[in-house]
Amino acid sequence: MNKKIVFTGGGTAGHVTPNIALFPRMKELGYEMVYMGSYEGIEKQLMEEFDIPYYGIATGKFRRYFDPKNFSDPFRVLKGMSEARKYLKEIKPDVVFSKGGFVSVPVVRAAASLGIPCIVHESDMTPGLANKLCIPVAKKVCCNFPETFKLLPAEKAVLTGSPIRGELLTGNKEAGYAFCGFDSSKPVIMVIGGSQGSAAINQAVRDALPELLKDFQIVHLCGKEKMDNLLLTTKGYKQFEYITTELKDIFAMADIVISRAGANAISELLALKKPNLLIPLPSGSSRGDQILNAKSFESQGYSIVVDEDDLTKKLLIEKIQELYFTRLTYIDAMSKSSQRDAIGTITALIEEVVAERKKGK
């Protein structure tokens with residue numbers, strides 16, 4: 001039975017990578033896959049390594065603040081919706097899966113107008129503006145946090161967790177040691193501050209190095225142009241701007257992780273059962289979603305949380321020691337989570353919606 005799915009989502013990598021994580025399983029299930037995104041967004045670049053047809057449409061941003069583009073962007077959205085409708089009529093998909101971001105709004109709205117069922121995924125605890133515009137016409141809404149349920153229509157909400165790339169689960173601890181020049185004599189802390197890195201986390205970790213290196217080895221993914229050349233030869237401390245291929249091995253090697261609290265990042269920590277210290281992006285630098293994400297993980301017993309405003313060398317050392325010595329409690333809590341098999345839960349939901357539609361045809 002021929003089955004087709006259109007994926008959409010973009011604007012940032014966070015709106016694309018969960019879609020990519022679903023590709024291998026969807027292929028196994030016999031789906032023909034198509035991606036719909038903006039003309040030249042990050043989603044187009046990320047799709048280039050996959051053999052999946054890509055359709056670009058016009059998109060506009062929905063802003064909560066005054067901007068001259070607020071007058072022209074609604075017309076771009078209408079144009080995008082018209083283009084999406086035209087492509088969807090050609091493709092004739094059985095379902096649309098949307099990961100959010102502004103590009104998804106015209107696609108989801110166009111699909112709904114053609115009677116094509118849409119499944120929307122919200123990674124953060126509170127739905128972003130784009131998803132708020134898609135939820136009314138969606139068939140189902142997947143979410144990452146139990147707290148999100150009360151913000152969604154009860155008959156649509158499904159707690160799935162967020163899909164993570166399968167290769168992250170295949171890391172090799174010994175390969176991680178070899179790559180970093182570490183050994184098993186001391187436990188390893190992994191520090192990861194998001195794709196751009198975090199100046200505040202980087203500074204606190206580096207200030208605490210003399211103390212931390214007595215008991216730990218540290219691998220630090222510090223972000224583009226945020227390496228400290230004075231520390232390049234420090235024994236037991238290895239820094240990289242970012243890592244792609246070896247990331248799975250570094251995760252496998254890490255005993256504990258210090259991280260930002262982006263939805264995808266914490267979903268990876270949960271899937272890998274890594275005890276973690278979360279330092280969310282402060283509300284002044286975002287819409288506050290990382291703070292809410294972190295609090296949810298803390299209340300579920302998966303994480304220790306420190307606010308960036310409270311971050312000092314002393315507090316960081318104390319919390320790392322606390323996390324390391326109680327790490328088994330966090331591993332145990334994460335092992336019991338129903339959010340860990342996101343790919344299985346989401347693909348089963350897609351199959352269910354598609355079967356229902358084919359039955360109704």
# chains A, B, ... in the order shown; residues from 1 in each chain; ligands from 1

call {"tool": "residues_around", "arguments": {"residues": "stretch 156-163 of chain A", "least_positions_apart": "3", "cutoff": "8 Å", "atoms": "only C-alpha atoms", "output": "PyMOL selection string"}}
result
chain A and resi 18-19+21-22+123+138-146+149+152-153+263-264+267+338-343+345-346

call {"tool": "select_by_dssp", "arguments": {"residues": "stretch 69-175 of chain A", "states": "strand (DSSP E)", "output": "PyMOL selection string"}}
result
chain A and resi 95-98+118-122+140-143+157-159

call {"tool": "write_last_selection", "arguments": {"atoms": "all heavy atoms", "output": "tab-separated table (two decimals), in the first residue's frame"}}
result
chain	number	residue	atom	x	y	z
A	95	VAL	N	-0.79	12.27	5.01
A	95	VAL	CA	-0.66	12.96	6.29
A	95	VAL	C	0.44	14.02	6.17
A	95	VAL	O	1.37	13.88	5.37
A	95	VAL	CB	-0.34	11.94	7.43
A	95	VAL	CG1	1.01	11.27	7.22
A	95	VAL	CG2	-0.42	12.57	8.81
A	96	VAL	N	0.32	15.09	6.97
A	96	VAL	CA	1.38	16.10	7.10
A	96	VAL	C	1.87	16.05	8.54
A	96	VAL	O	1.06	16.04	9.47
A	96	VAL	CB	0.85	17.51	6.76
A	96	VAL	CG1	1.85	18.59	7.20
A	96	VAL	CG2	0.57	17.64	5.26
A	97	PHE	N	3.20	16.01	8.71
A	97	PHE	CA	3.77	16.07	10.06
A	97	PHE	C	4.55	17.38	10.18
A	97	PHE	O	5.48	17.63	9.42
A	97	PHE	CB	4.70	14.88	10.33
A	97	PHE	CG	5.20	14.86	11.76
A	97	PHE	CD1	4.44	14.30	12.77
A	97	PHE	CD2	6.43	15.44	12.09
A	97	PHE	CE1	4.87	14.31	14.10
A	97	PHE	CE2	6.87	15.45	13.42
A	97	PHE	CZ	6.10	14.87	14.41
A	98	SER	N	4.14	18.21	11.14
A	98	SER	CA	4.74	19.53	11.29
A	98	SER	C	5.51	19.67	12.59
A	98	SER	O	4.99	19.40	13.67
A	98	SER	CB	3.64	20.59	11.25
A	98	SER	OG	4.15	21.83	11.70
A	118	CYS	N	-3.31	16.53	9.74
A	118	CYS	CA	-2.01	17.07	10.15
A	118	CYS	C	-1.73	16.68	11.60
A	118	CYS	O	-2.60	16.77	12.46
A	118	CYS	CB	-2.01	18.60	10.08
A	118	CYS	SG	-2.37	19.20	8.43
A	119	ILE	N	-0.50	16.28	11.82
A	119	ILE	CA	-0.02	16.03	13.19
A	119	ILE	C	1.03	17.09	13.48
A	119	ILE	O	1.98	17.28	12.70
A	119	ILE	CB	0.58	14.62	13.34
A	119	ILE	CG1	-0.49	13.55	13.04
A	119	ILE	CG2	1.16	14.42	14.75
A	119	ILE	CD1	0.05	12.13	12.98
A	120	VAL	N	0.85	17.81	14.57
A	120	VAL	CA	1.76	18.90	14.94
A	120	VAL	C	2.57	18.45	16.15
A	120	VAL	O	2.05	17.77	17.03
A	120	VAL	CB	0.93	20.16	15.29
A	120	VAL	CG1	1.77	21.23	15.96
A	120	VAL	CG2	0.26	20.72	14.03
A	121	HIS	N	3.86	18.81	16.18
A	121	HIS	CA	4.70	18.47	17.34
A	121	HIS	C	5.19	19.76	18.00
A	121	HIS	O	5.72	20.64	17.34
A	121	HIS	CB	5.90	17.63	16.92
A	121	HIS	CG	6.70	17.11	18.08
A	121	HIS	ND1	7.55	17.91	18.82
A	121	HIS	CD2	6.75	15.88	18.66
A	121	HIS	CE1	8.10	17.18	19.78
A	121	HIS	NE2	7.64	15.95	19.71
A	122	GLU	N	4.98	19.85	19.32
A	122	GLU	CA	5.45	21.00	20.10
A	122	GLU	C	6.51	20.51	21.08
A	122	GLU	O	6.24	19.70	21.95
A	122	GLU	CB	4.29	21.64	20.87
A	122	GLU	CG	4.69	22.80	21.76
A	122	GLU	CD	5.50	23.88	21.05
A	122	GLU	OE1	4.96	24.55	20.15
A	122	GLU	OE2	6.69	24.04	21.40
A	140	LYS	N	-3.89	15.76	15.60
A	140	LYS	CA	-3.26	15.41	16.87
A	140	LYS	C	-2.12	16.37	17.15
A	140	LYS	O	-1.50	16.90	16.21
A	140	LYS	CB	-2.70	13.98	16.84
A	140	LYS	CG	-3.76	12.88	16.73
A	140	LYS	CD	-4.52	12.71	18.04
A	140	LYS	CE	-5.59	11.63	17.92
A	140	LYS	NZ	-6.42	11.57	19.11
A	141	VAL	N	-1.82	16.58	18.43
A	141	VAL	CA	-0.70	17.44	18.83
A	141	VAL	C	0.20	16.65	19.77
A	141	VAL	O	-0.22	16.26	20.86
A	141	VAL	CB	-1.19	18.73	19.53
A	141	VAL	CG1	-0.01	19.65	19.82
A	141	VAL	CG2	-2.22	19.46	18.68
A	142	CYS	N	1.42	16.39	19.31
A	142	CYS	CA	2.39	15.67	20.14
A	142	CYS	C	3.10	16.68	21.04
A	142	CYS	O	3.43	17.78	20.60
A	142	CYS	CB	3.45	15.00	19.26
A	142	CYS	SG	2.76	13.93	18.00
A	143	CYS	N	3.35	16.28	22.28
A	143	CYS	CA	4.06	17.20	23.17
A	143	CYS	C	5.14	16.47	23.97
A	143	CYS	O	5.17	15.24	24.04
A	143	CYS	CB	3.11	17.97	24.07
A	143	CYS	SG	2.11	16.95	25.16
A	157	ALA	N	-4.23	16.04	22.36
A	157	ALA	CA	-2.90	15.98	22.99
A	157	ALA	C	-2.41	14.55	23.19
A	157	ALA	O	-3.14	13.69	23.66
A	157	ALA	CB	-2.93	16.70	24.32
A	158	VAL	N	-1.13	14.32	22.83
A	158	VAL	CA	-0.49	13.02	23.04
A	158	VAL	C	0.92	13.28	23.57
A	158	VAL	O	1.70	14.01	22.95
A	158	VAL	CB	-0.38	12.20	21.72
A	158	VAL	CG1	0.17	10.81	22.00
A	158	VAL	CG2	-1.72	12.12	21.00
A	159	LEU	N	1.26	12.69	24.72
A	159	LEU	CA	2.61	12.85	25.29
A	159	LEU	C	3.54	11.87	24.58
A	159	LEU	O	3.41	10.66	24.73
A	159	LEU	CB	2.59	12.59	26.80
A	159	LEU	CG	3.93	12.76	27.52
A	159	LEU	CD1	4.42	14.20	27.48
A	159	LEU	CD2	3.84	12.29	28.97

call {"tool": "residues_around", "arguments": {"residues": "stretch 179-184 of chain A", "least_positions_apart": "6", "cutoff": "8 Å", "atoms": "only C-alpha atoms", "output": "list in words"}}
result
Gln217, Val219, Gly236, Lys238 and Glu246 of chain A

call {"tool": "closest_residue", "arguments": {"among": "A:Ile91, A:Asn2, A:Leu247, A:Asp124", "to": "A:Ser296", "atoms": "only C-alpha atoms"}}
result
A:Asp124

call {"tool": "residues_around", "arguments": {"residues": "A:Leu269", "least_positions_apart": "6", "cutoff": "10 Å", "atoms": "only C-alpha atoms", "output": "PDB file with all heavy atoms, in the first residue's frame"}}
result
ATOM      1  N   ILE A 164      14.764  11.847  18.787  1.00  0.00           N
ATOM      2  CA  ILE A 164      16.194  12.176  18.674  1.00  0.00           C
ATOM      3  C   ILE A 164      16.833  11.236  17.650  1.00  0.00           C
ATOM      4  O   ILE A 164      16.329  10.148  17.398  1.00  0.00           O
ATOM      5  CB  ILE A 164      16.936  12.081  20.028  1.00  0.00           C
ATOM      6  CG1 ILE A 164      17.127  10.631  20.454  1.00  0.00           C
ATOM      7  CG2 ILE A 164      16.255  12.871  21.115  1.00  0.00           C
ATOM      8  CD1 ILE A 164      18.336  10.421  21.316  1.00  0.00           C
ATOM      9  N   PHE A 251      28.975  11.458  24.203  1.00  0.00           N
ATOM     10  CA  PHE A 251      27.825  11.205  25.079  1.00  0.00           C
ATOM     11  C   PHE A 251      27.992   9.873  25.819  1.00  0.00           C
ATOM     12  O   PHE A 251      27.715   9.779  27.012  1.00  0.00           O
ATOM     13  CB  PHE A 251      26.520  11.171  24.265  1.00  0.00           C
ATOM     14  CG  PHE A 251      25.780  12.478  24.227  1.00  0.00           C
ATOM     15  CD1 PHE A 251      25.441  13.078  23.013  1.00  0.00           C
ATOM     16  CD2 PHE A 251      25.393  13.125  25.393  1.00  0.00           C
ATOM     17  CE1 PHE A 251      24.738  14.286  22.976  1.00  0.00           C
ATOM     18  CE2 PHE A 251      24.689  14.328  25.376  1.00  0.00           C
ATOM     19  CZ  PHE A 251      24.367  14.900  24.156  1.00  0.00           C
ATOM     20  N   ILE A 256      28.306  12.655  33.542  1.00  0.00           N
ATOM     21  CA  ILE A 256      27.287  13.679  33.789  1.00  0.00           C
ATOM     22  C   ILE A 256      27.428  14.772  32.726  1.00  0.00           C
ATOM     23  O   ILE A 256      28.498  14.915  32.122  1.00  0.00           O
ATOM     24  CB  ILE A 256      27.376  14.296  35.220  1.00  0.00           C
ATOM     25  CG1 ILE A 256      28.720  14.985  35.448  1.00  0.00           C
ATOM     26  CG2 ILE A 256      27.102  13.251  36.288  1.00  0.00           C
ATOM     27  CD1 ILE A 256      28.801  15.765  36.760  1.00  0.00           C
ATOM     28  N   VAL A 257      26.349  15.543  32.519  1.00  0.00           N
ATOM     29  CA  VAL A 257      26.350  16.557  31.463  1.00  0.00           C
ATOM     30  C   VAL A 257      25.853  17.890  32.023  1.00  0.00           C
ATOM     31  O   VAL A 257      24.890  17.931  32.792  1.00  0.00           O
ATOM     32  CB  VAL A 257      25.431  16.125  30.291  1.00  0.00           C
ATOM     33  CG1 VAL A 257      25.400  17.195  29.205  1.00  0.00           C
ATOM     34  CG2 VAL A 257      25.886  14.787  29.697  1.00  0.00           C
ATOM     35  N   SER A 259      24.314  21.380  30.592  1.00  0.00           N
ATOM     36  CA  SER A 259      23.708  21.758  29.319  1.00  0.00           C
ATOM     37  C   SER A 259      22.760  22.939  29.469  1.00  0.00           C
ATOM     38  O   SER A 259      22.253  23.217  30.553  1.00  0.00           O
ATOM     39  CB  SER A 259      22.933  20.549  28.769  1.00  0.00           C
ATOM     40  OG  SER A 259      22.205  20.874  27.608  1.00  0.00           O
ATOM     41  N   PRO A 275      22.621  11.855  33.638  1.00  0.00           N
ATOM     42  CA  PRO A 275      22.369  12.796  34.742  1.00  0.00           C
ATOM     43  C   PRO A 275      22.862  14.176  34.325  1.00  0.00           C
ATOM     44  O   PRO A 275      23.955  14.302  33.770  1.00  0.00           O
ATOM     45  CB  PRO A 275      23.217  12.234  35.891  1.00  0.00           C
ATOM     46  CG  PRO A 275      23.460  10.803  35.525  1.00  0.00           C
ATOM     47  CD  PRO A 275      23.496  10.743  34.035  1.00  0.00           C
ATOM     48  N   ASN A 276      22.042  15.189  34.560  1.00  0.00           N
ATOM     49  CA  ASN A 276      22.397  16.480  33.979  1.00  0.00           C
ATOM     50  C   ASN A 276      22.123  17.656  34.898  1.00  0.00           C
ATOM     51  O   ASN A 276      21.208  17.624  35.717  1.00  0.00           O
ATOM     52  CB  ASN A 276      21.662  16.678  32.659  1.00  0.00           C
ATOM     53  CG  ASN A 276      20.152  16.575  32.814  1.00  0.00           C
ATOM     54  OD1 ASN A 276      19.477  17.563  33.123  1.00  0.00           O
ATOM     55  ND2 ASN A 276      19.589  15.391  32.643  1.00  0.00           N
ATOM     56  N   TYR A 302      14.595  14.388  36.723  1.00  0.00           N
ATOM     57  CA  TYR A 302      15.592  14.071  35.697  1.00  0.00           C
ATOM     58  C   TYR A 302      16.824  14.981  35.758  1.00  0.00           C
ATOM     59  O   TYR A 302      17.845  14.667  35.165  1.00  0.00           O
ATOM     60  CB  TYR A 302      15.005  14.229  34.280  1.00  0.00           C
ATOM     61  CG  TYR A 302      13.736  13.470  33.990  1.00  0.00           C
ATOM     62  CD1 TYR A 302      12.867  13.893  32.988  1.00  0.00           C
ATOM     63  CD2 TYR A 302      13.398  12.310  34.704  1.00  0.00           C
ATOM     64  CE1 TYR A 302      11.695  13.197  32.700  1.00  0.00           C
ATOM     65  CE2 TYR A 302      12.226  11.621  34.433  1.00  0.00           C
ATOM     66  CZ  TYR A 302      11.377  12.069  33.433  1.00  0.00           C
ATOM     67  OH  TYR A 302      10.222  11.397  33.145  1.00  0.00           O
ATOM     68  N   SER A 303      16.726  16.128  36.431  1.00  0.00           N
ATOM     69  CA  SER A 303      17.761  17.163  36.316  1.00  0.00           C
ATOM     70  C   SER A 303      17.910  17.974  37.593  1.00  0.00           C
ATOM     71  O   SER A 303      16.978  18.076  38.386  1.00  0.00           O
ATOM     72  CB  SER A 303      17.386  18.167  35.198  1.00  0.00           C
ATOM     73  OG  SER A 303      16.999  17.523  34.022  1.00  0.00           O
ATOM     74  N   MET A 334      14.882   8.635  34.963  1.00  0.00           N
ATOM     75  CA  MET A 334      14.820   8.732  33.496  1.00  0.00           C
ATOM     76  C   MET A 334      14.469   7.385  32.863  1.00  0.00           C
ATOM     77  O   MET A 334      13.786   7.335  31.839  1.00  0.00           O
ATOM     78  CB  MET A 334      16.141   9.275  32.939  1.00  0.00           C
ATOM     79  CG  MET A 334      16.329  10.761  33.231  1.00  0.00           C
ATOM     80  SD  MET A 334      17.755  11.501  32.397  1.00  0.00           S
ATOM     81  CE  MET A 334      19.044  11.186  33.579  1.00  0.00           C
ATOM     82  N   ARG A 340      10.609   8.516  26.487  1.00  0.00           N
ATOM     83  CA  ARG A 340      11.901   8.126  25.914  1.00  0.00           C
ATOM     84  C   ARG A 340      11.798   7.493  24.525  1.00  0.00           C
ATOM     85  O   ARG A 340      12.715   7.580  23.743  1.00  0.00           O
ATOM     86  CB  ARG A 340      12.663   7.202  26.871  1.00  0.00           C
ATOM     87  CG  ARG A 340      13.199   7.941  28.087  1.00  0.00           C
ATOM     88  CD  ARG A 340      14.044   7.088  28.980  1.00  0.00           C
ATOM     89  NE  ARG A 340      15.178   6.533  28.276  1.00  0.00           N
ATOM     90  CZ  ARG A 340      15.436   5.232  28.205  1.00  0.00           C
ATOM     91  NH1 ARG A 340      14.650   4.367  28.773  1.00  0.00           N
ATOM     92  NH2 ARG A 340      16.482   4.802  27.545  1.00  0.00           N
TER      93      ARG A 340
END

call {"tool": "atom_distance", "arguments": {"atom1": "atom CA of A:Ala200", "atom2": "atom CA of A:Lys226"}}
result
11.2 Å

call {"tool": "residues_around", "arguments": {"residues": "A:Glu241", "least_positions_apart": "6", "cutoff": "6 Å", "atoms": "only C-alpha atoms", "output": "list in words"}}
result
Leu221, Cys222, Gly223 and Lys224 of chain A

call {"tool": "closest_residue", "arguments": {"among": "A:Glu155, A:His15, A:Pro93, A:Val306", "to": "A:Gly128", "atoms": "only C-alpha atoms"}}
result
A:His15

call {"tool": "select_by_dssp", "arguments": {"residues": "stretch 80-274 of chain A", "states": "alpha helix (DSSP H)", "output": "ChimeraX atom specification"}}
result
/A:80-91,104-113,129-134,173-180,199-212,247-253,263-271

call {"tool": "closest_residue", "arguments": {"among": "A:Lys314, A:Lys336, A:Arg357, A:Lys99", "to": "A:Ile20", "atoms": "only C-alpha atoms"}}
result
A:Lys99

call {"tool": "atom_distance", "arguments": {"atom1": "atom CA of A:Gly360", "atom2": "atom CA of A:Met33"}}
result
22.0 Å

call {"tool": "residues_around", "arguments": {"residues": "stretch 130-134 of chain A", "least_positions_apart": "3", "cutoff": "7 Å", "atoms": "only C-alpha atoms", "output": "ChimeraX atom specification"}}
result
/A:100-102,105,108-109,127,137-138

call {"tool": "residues_around", "arguments": {"residues": "A:Ala175", "least_positions_apart": "2", "cutoff": "9 Å", "atoms": "only C-alpha atoms", "output": "PyMOL selection string"}}
result
chain A and resi 171-173+177-180+246+249-250+252-253

call {"tool": "atom_distance", "arguments": {"atom1": "atom CA of A:Ile350", "atom2": "atom CA of A:Lys27"}}
result
12.9 Å

call {"tool": "closest_residue", "arguments": {"among": "A:Leu213, A:Leu29, A:Leu272, A:Ala208", "to": "A:Pro187", "atoms": "only C-alpha atoms"}}
result
A:Leu213

call {"tool": "closest_residue", "arguments": {"among": "A:Glu43, A:Asp228, A:Glu211, A:Asp51", "to": "A:Thr12", "atoms": "only C-alpha atoms"}}
result
A:Glu43

call {"tool": "decode", "arguments": {"residues": "stretch 298-309 of chain A", "atoms": "all heavy atoms", "output": "compact mmCIF listing (two decimals), in the first residue's frame"}}
result
# COMPACT_ATOMS: atom_id res chain seq x y z
N GLU A 298 13.24 19.06 36.19
CA GLU A 298 13.62 19.03 37.61
C GLU A 298 12.49 18.39 38.42
O GLU A 298 12.74 17.52 39.26
CB GLU A 298 13.87 20.46 38.09
CG GLU A 298 14.39 20.55 39.52
CD GLU A 298 14.71 21.98 39.91
OE1 GLU A 298 13.90 22.89 39.63
OE2 GLU A 298 15.78 22.21 40.49
N SER A 299 11.23 18.77 38.13
CA SER A 299 10.11 18.24 38.92
C SER A 299 9.88 16.76 38.65
O SER A 299 9.34 16.04 39.49
CB SER A 299 8.83 19.03 38.64
OG SER A 299 8.38 18.79 37.33
N GLN A 300 10.30 16.29 37.46
CA GLN A 300 10.16 14.85 37.16
C GLN A 300 11.35 14.03 37.67
O GLN A 300 11.38 12.82 37.50
CB GLN A 300 10.01 14.65 35.64
CG GLN A 300 8.69 15.21 35.10
CD GLN A 300 8.61 15.08 33.58
OE1 GLN A 300 8.28 14.01 33.07
NE2 GLN A 300 8.93 16.14 32.86
N GLY A 301 12.32 14.73 38.28
CA GLY A 301 13.47 14.02 38.87
C GLY A 301 14.56 13.67 37.88
O GLY A 301 15.38 12.78 38.13
N TYR A 302 14.60 14.39 36.72
CA TYR A 302 15.59 14.07 35.70
C TYR A 302 16.82 14.98 35.76
O TYR A 302 17.84 14.67 35.17
CB TYR A 302 15.00 14.23 34.28
CG TYR A 302 13.74 13.47 33.99
CD1 TYR A 302 12.87 13.89 32.99
CD2 TYR A 302 13.40 12.31 34.70
CE1 TYR A 302 11.70 13.20 32.70
CE2 TYR A 302 12.23 11.62 34.43
CZ TYR A 302 11.38 12.07 33.43
OH TYR A 302 10.22 11.40 33.15
N SER A 303 16.73 16.13 36.43
CA SER A 303 17.76 17.16 36.32
C SER A 303 17.91 17.97 37.59
O SER A 303 16.98 18.08 38.39
CB SER A 303 17.39 18.17 35.20
OG SER A 303 17.00 17.52 34.02
N ILE A 304 19.11 18.58 37.74
CA ILE A 304 19.32 19.66 38.71
C ILE A 304 19.35 20.94 37.87
O ILE A 304 19.90 20.95 36.77
CB ILE A 304 20.65 19.47 39.47
CG1 ILE A 304 20.56 18.29 40.45
CG2 ILE A 304 21.03 20.75 40.23
CD1 ILE A 304 21.86 18.00 41.19
N VAL A 305 18.75 22.01 38.38
CA VAL A 305 18.68 23.26 37.60
C VAL A 305 19.34 24.40 38.38
O VAL A 305 19.13 24.54 39.59
CB VAL A 305 17.21 23.63 37.30
CG1 VAL A 305 17.11 24.96 36.57
CG2 VAL A 305 16.54 22.52 36.48
N VAL A 306 20.13 25.19 37.66
CA VAL A 306 20.72 26.41 38.22
C VAL A 306 20.39 27.56 37.28
O VAL A 306 20.59 27.44 36.06
CB VAL A 306 22.26 26.27 38.37
CG1 VAL A 306 22.90 27.62 38.71
CG2 VAL A 306 22.62 25.24 39.43
N ASP A 307 19.87 28.66 37.80
CA ASP A 307 19.60 29.84 36.96
C ASP A 307 20.92 30.51 36.61
O ASP A 307 21.80 30.62 37.47
CB ASP A 307 18.72 30.86 37.72
CG ASP A 307 17.29 30.36 37.86
OD1 ASP A 307 16.89 29.49 37.07
OD2 ASP A 307 16.59 30.85 38.77
N GLU A 308 21.00 30.97 35.37
CA GLU A 308 22.24 31.61 34.94
C GLU A 308 22.59 32.82 35.82
O GLU A 308 23.76 33.07 36.11
CB GLU A 308 22.11 32.05 33.48
CG GLU A 308 23.42 32.58 32.92
CD GLU A 308 23.33 33.00 31.47
OE1 GLU A 308 23.13 32.13 30.61
OE2 GLU A 308 23.48 34.22 31.21
N ASP A 309 21.57 33.54 36.28
CA ASP A 309 21.81 34.72 37.13
C ASP A 309 22.46 34.36 38.46
O ASP A 309 23.10 35.20 39.10
CB ASP A 309 20.48 35.46 37.41
CG ASP A 309 19.87 36.02 36.13
OD1 ASP A 309 20.62 36.19 35.14
OD2 ASP A 309 18.66 36.29 36.12
